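Here the structure comes first, spelled out in structure tokens, and everything after it is commentary.
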Amino acid sequence: DQVAASAALLDASAISGRAAYADLAEELMRSALRRLWQPERGAFLDRVRSAAGAGDIGWLGLPFESLTLNCDAASVLAQLARRTGDASLRARALDILAHFAPRWPAAGLDGACYALAVTDVLDEA
């Protein structure tokens, strides 16, 4: 949710010229980095791990490492890095690309998000 909202806020900022939207996008992504980022893997989980016995049923209790979510996050982080000049945001985007590099071809058509993220992250404009 944080990634989708941040992407929409960056679009709103670009269209309206209001920096407050981009500032909120940055705040959301920094929150996601604090709560959902797995530094040992270089990727985001889709939710915070539940405490044991928290009532999640089956697979809902297990956070998922989504290719699509992470590719979208890499694109948003790259946009924020260009906007703010914060190299650590770009580094996280590159971590995501590195993490999924060996696996994205197996995703078939769903791997297209990886190619789009590579374009977004490596575009220096």
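Residues are named by chain letter and number: chains run A, B, ... in the order of the structure tokens, numbers start at 1 in each chain, and ligands are numbered from 1 in the order shown.
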
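Within 6 Å of stretch 29-42 of chain A, once only C-alpha atoms are used and residues closer than 3 positions along the same chain are dropped, the contacting residues are Glu26, Leu45, Asp95, Ile96 and His99 of chain A.
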
### Task
Go through chain A and collect every residue that DSSP, computed from the backbone, puts in strand (DSSP E); the answer should be as a ChimeraX atom specification.
/A:37-38,43-44

### Task
as a PyMOL selection string, list the residues of chain A assigned to helix (DSSP H, G or I) by DSSP on the backbone atoms of this structure.
chain A and resi 2-16+19-36+58-61+67-84+87-100+104-122

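Pairwise distance (atom CA of A:Ala87, atom CA of A:Gln2) equals 20.3 Å.
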
#### Entry: Best match for closeness to A:Asp120 among A:Ala78, A:Ala106, A:Ala25, A:Leu89, counting only C-alpha atoms
A:Ala78

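Between atom CA of A:Thr84 and atom CA of A:Glu27 there is a distance of 11.9 Å.
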
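Summary of the local environment: counting only C-alpha atoms, residues at most 9 Å from stretch 112-115 of chain A, other than itself and those fewer than 2 positions away along its chain, are A:Leu67, A:Thr68, A:Asn70, A:Cys71, A:Asp72, A:Leu97, A:Phe100, A:Ala101, A:Trp104, A:Pro105, A:Ala107, A:Gly108, A:Leu109, A:Asp110, A:Ala117, A:Val118, A:Thr119, A:Asp120.
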
Please, could you write that set of residues out with all heavy atoms as a compact mmCIF listing (two decimals), in the first residue's frame?
# COMPACT_ATOMS: atom_id res chain seq x y z
N LEU A 67 7.61 -10.13 -6.36
CA LEU A 67 8.41 -9.55 -7.44
C LEU A 67 7.81 -8.22 -7.89
O LEU A 67 8.50 -7.21 -7.98
CB LEU A 67 8.51 -10.52 -8.62
CG LEU A 67 9.12 -9.97 -9.91
CD1 LEU A 67 10.59 -9.62 -9.69
CD2 LEU A 67 8.95 -10.96 -11.05
N THR A 68 6.52 -8.20 -8.13
CA THR A 68 5.85 -7.00 -8.63
C THR A 68 5.94 -5.86 -7.62
O THR A 68 6.29 -4.73 -7.97
CB THR A 68 4.38 -7.29 -8.97
OG1 THR A 68 4.33 -8.36 -9.91
CG2 THR A 68 3.69 -6.07 -9.55
N ASN A 70 8.11 -5.40 -5.25
CA ASN A 70 9.49 -4.94 -5.13
C ASN A 70 9.95 -4.16 -6.36
O ASN A 70 10.68 -3.18 -6.23
CB ASN A 70 10.42 -6.11 -4.83
CG ASN A 70 10.44 -6.43 -3.36
OD1 ASN A 70 11.14 -5.78 -2.60
ND2 ASN A 70 9.65 -7.42 -2.94
N CYS A 71 9.51 -4.55 -7.54
CA CYS A 71 9.86 -3.79 -8.74
C CYS A 71 9.23 -2.41 -8.71
O CYS A 71 9.89 -1.42 -9.05
CB CYS A 71 9.45 -4.56 -10.00
SG CYS A 71 10.48 -6.02 -10.29
N ASP A 72 7.98 -2.35 -8.29
CA ASP A 72 7.33 -1.05 -8.15
C ASP A 72 8.05 -0.20 -7.11
O ASP A 72 8.25 1.00 -7.30
CB ASP A 72 5.86 -1.22 -7.75
CG ASP A 72 5.01 -1.82 -8.85
OD1 ASP A 72 5.47 -1.88 -10.02
OD2 ASP A 72 3.87 -2.24 -8.55
N LEU A 97 16.92 -4.84 -7.41
CA LEU A 97 17.23 -5.39 -8.73
C LEU A 97 18.22 -6.54 -8.61
O LEU A 97 18.06 -7.57 -9.29
CB LEU A 97 17.80 -4.30 -9.64
CG LEU A 97 16.85 -3.14 -9.98
CD1 LEU A 97 17.56 -2.16 -10.92
CD2 LEU A 97 15.55 -3.64 -10.58
N PHE A 100 16.49 -9.80 -7.24
CA PHE A 100 15.59 -10.50 -8.15
C PHE A 100 16.22 -10.84 -9.50
O PHE A 100 15.60 -11.53 -10.30
CB PHE A 100 14.30 -9.70 -8.36
CG PHE A 100 13.38 -9.76 -7.18
CD1 PHE A 100 13.34 -8.75 -6.24
CD2 PHE A 100 12.57 -10.86 -6.97
CE1 PHE A 100 12.51 -8.80 -5.14
CE2 PHE A 100 11.73 -10.95 -5.87
CZ PHE A 100 11.69 -9.92 -4.95
N ALA A 101 17.44 -10.39 -9.75
CA ALA A 101 18.08 -10.63 -11.05
C ALA A 101 18.10 -12.10 -11.47
O ALA A 101 17.75 -12.42 -12.61
CB ALA A 101 19.49 -10.04 -11.07
N TRP A 104 13.87 -13.28 -11.95
CA TRP A 104 12.78 -12.67 -12.71
C TRP A 104 12.46 -13.39 -14.01
O TRP A 104 11.29 -13.43 -14.41
CB TRP A 104 13.02 -11.18 -12.94
CG TRP A 104 14.05 -10.87 -13.98
CD1 TRP A 104 15.38 -10.70 -13.80
CD2 TRP A 104 13.82 -10.70 -15.37
NE1 TRP A 104 16.00 -10.44 -14.98
CE2 TRP A 104 15.05 -10.43 -15.98
CE3 TRP A 104 12.68 -10.75 -16.18
CZ2 TRP A 104 15.20 -10.21 -17.34
CZ3 TRP A 104 12.82 -10.53 -17.54
CH2 TRP A 104 14.07 -10.27 -18.10
N PRO A 105 13.44 -14.01 -14.73
CA PRO A 105 13.05 -14.66 -15.99
C PRO A 105 12.05 -15.80 -15.80
O PRO A 105 11.21 -16.05 -16.67
CB PRO A 105 14.38 -15.19 -16.54
CG PRO A 105 15.43 -14.33 -15.92
CD PRO A 105 14.89 -14.03 -14.55
N ALA A 107 9.55 -15.77 -14.01
CA ALA A 107 8.20 -15.23 -13.81
C ALA A 107 7.44 -15.08 -15.12
O ALA A 107 6.26 -14.74 -15.11
CB ALA A 107 8.29 -13.88 -13.10
N GLY A 108 8.09 -15.34 -16.23
CA GLY A 108 7.42 -15.22 -17.53
C GLY A 108 6.96 -13.80 -17.78
O GLY A 108 7.70 -12.85 -17.53
N LEU A 109 5.72 -13.66 -18.26
CA LEU A 109 5.17 -12.33 -18.54
C LEU A 109 5.13 -11.44 -17.31
O LEU A 109 5.29 -10.23 -17.41
CB LEU A 109 3.76 -12.49 -19.11
CG LEU A 109 3.35 -11.62 -20.27
CD1 LEU A 109 4.43 -11.50 -21.31
CD2 LEU A 109 2.06 -12.09 -20.87
N ASP A 110 4.94 -12.04 -16.16
CA ASP A 110 4.91 -11.26 -14.92
C ASP A 110 6.27 -10.65 -14.59
O ASP A 110 6.36 -9.76 -13.75
CB ASP A 110 4.45 -12.13 -13.74
CG ASP A 110 2.99 -12.52 -13.85
OD1 ASP A 110 2.21 -11.77 -14.48
OD2 ASP A 110 2.62 -13.58 -13.30
N ALA A 117 11.43 -1.75 -14.05
CA ALA A 117 12.16 -1.23 -12.89
C ALA A 117 13.62 -0.96 -13.24
O ALA A 117 14.19 0.06 -12.82
CB ALA A 117 12.05 -2.20 -11.72
N VAL A 118 14.23 -1.86 -14.01
CA VAL A 118 15.62 -1.62 -14.43
C VAL A 118 15.73 -0.32 -15.19
O VAL A 118 16.62 0.50 -14.95
CB VAL A 118 16.13 -2.82 -15.29
CG1 VAL A 118 17.44 -2.47 -15.99
CG2 VAL A 118 16.32 -4.06 -14.42
N THR A 119 14.79 -0.08 -16.10
CA THR A 119 14.79 1.16 -16.86
C THR A 119 14.64 2.37 -15.94
O THR A 119 15.37 3.34 -16.09
CB THR A 119 13.63 1.14 -17.89
OG1 THR A 119 13.83 0.02 -18.76
CG2 THR A 119 13.61 2.41 -18.71
N ASP A 120 13.72 2.29 -14.99
CA ASP A 120 13.49 3.41 -14.06
C ASP A 120 14.71 3.66 -13.17
O ASP A 120 15.11 4.81 -12.96
CB ASP A 120 12.29 3.14 -13.16
CG ASP A 120 10.98 3.25 -13.90
OD1 ASP A 120 10.95 3.84 -14.99
OD2 ASP A 120 9.97 2.75 -13.36

### Query
Got a sec: who's within 12 Å of A:Arg83, counting only C-alpha atoms, leaving out chain neighbours fewer than 5 positions off, as a ChimeraX atom specification?
/A:10,13-14,19,22-23,25-26,76-78,89-90,124-125

Once you have the residues from the selection above, write them out as a CSV table (one decimal), in the first residue's frame, restricted to N, CA, C and O atoms.
chain,number,residue,atom,x,y,z
A,10,LEU,N,3.7,10.8,-6.1
A,10,LEU,CA,4.7,11.4,-7.0
A,10,LEU,C,4.1,11.8,-8.3
A,10,LEU,O,4.5,12.9,-8.8
A,13,SER,N,2.3,15.1,-7.5
A,13,SER,CA,3.3,16.2,-7.4
A,13,SER,C,3.8,16.6,-8.7
A,13,SER,O,3.9,17.9,-9.0
A,14,ALA,N,4.0,15.7,-9.6
A,14,ALA,CA,4.5,16.1,-11.0
A,14,ALA,C,3.4,16.8,-11.8
A,14,ALA,O,3.7,17.8,-12.5
A,19,ALA,N,5.1,20.3,-4.1
A,19,ALA,CA,6.1,19.5,-3.5
A,19,ALA,C,5.6,18.7,-2.3
A,19,ALA,O,6.2,17.6,-1.9
A,22,ALA,N,5.1,15.0,-3.0
A,22,ALA,CA,6.4,14.2,-3.1
A,22,ALA,C,7.0,14.0,-1.7
A,22,ALA,O,7.6,13.0,-1.4
A,23,ASP,N,6.9,15.0,-0.9
A,23,ASP,CA,7.4,14.9,0.5
A,23,ASP,C,6.7,13.8,1.2
A,23,ASP,O,7.3,13.0,2.0
A,25,ALA,N,5.2,11.2,-0.2
A,25,ALA,CA,5.7,10.0,-0.8
A,25,ALA,C,7.0,9.5,-0.2
A,25,ALA,O,7.2,8.3,0.1
A,26,GLU,N,7.9,10.4,0.0
A,26,GLU,CA,9.2,10.1,0.6
A,26,GLU,C,9.0,9.6,2.1
A,26,GLU,O,9.6,8.6,2.5
A,76,VAL,N,9.9,3.6,-7.5
A,76,VAL,CA,9.5,4.7,-6.6
A,76,VAL,C,10.8,5.2,-5.9
A,76,VAL,O,11.0,6.4,-5.8
A,77,LEU,N,11.6,4.3,-5.4
A,77,LEU,CA,12.8,4.7,-4.7
A,77,LEU,C,13.8,5.4,-5.6
A,77,LEU,O,14.4,6.4,-5.2
A,78,ALA,N,13.8,5.0,-6.8
A,78,ALA,CA,14.7,5.7,-7.8
A,78,ALA,C,14.2,7.1,-8.1
A,78,ALA,O,15.0,8.0,-8.2
A,89,LEU,N,18.6,5.9,-1.1
A,89,LEU,CA,17.4,5.4,-1.7
A,89,LEU,C,17.6,4.7,-3.0
A,89,LEU,O,17.0,3.6,-3.3
A,90,ARG,N,18.6,5.2,-3.8
A,90,ARG,CA,19.0,4.5,-5.1
A,90,ARG,C,19.6,3.2,-4.7
A,90,ARG,O,19.4,2.2,-5.4
A,124,GLU,N,19.3,7.9,-15.5
A,124,GLU,CA,19.9,8.9,-14.7
A,124,GLU,C,19.2,10.3,-14.9
A,124,GLU,O,19.6,11.3,-14.2
A,125,ALA,N,18.3,10.4,-15.8
A,125,ALA,CA,17.6,11.7,-16.1
A,125,ALA,C,16.8,12.2,-14.9
A,125,ALA,O,16.3,11.5,-14.1

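The closest residue to A:Ala81, picked from A:Ala43, A:Ser66, A:Ala98, A:Asp123 and counting only C-alpha atoms, is A:Asp123.
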
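If you measure from each of A:Arg47, A:Ala12, A:Val121, A:Gly17 to A:Leu62 using only C-alpha atoms, the closest one turns out to be A:Arg47.
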
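The coordinates place atom CA of A:Val48 at 14.4 Å from atom CA of A:Val3.
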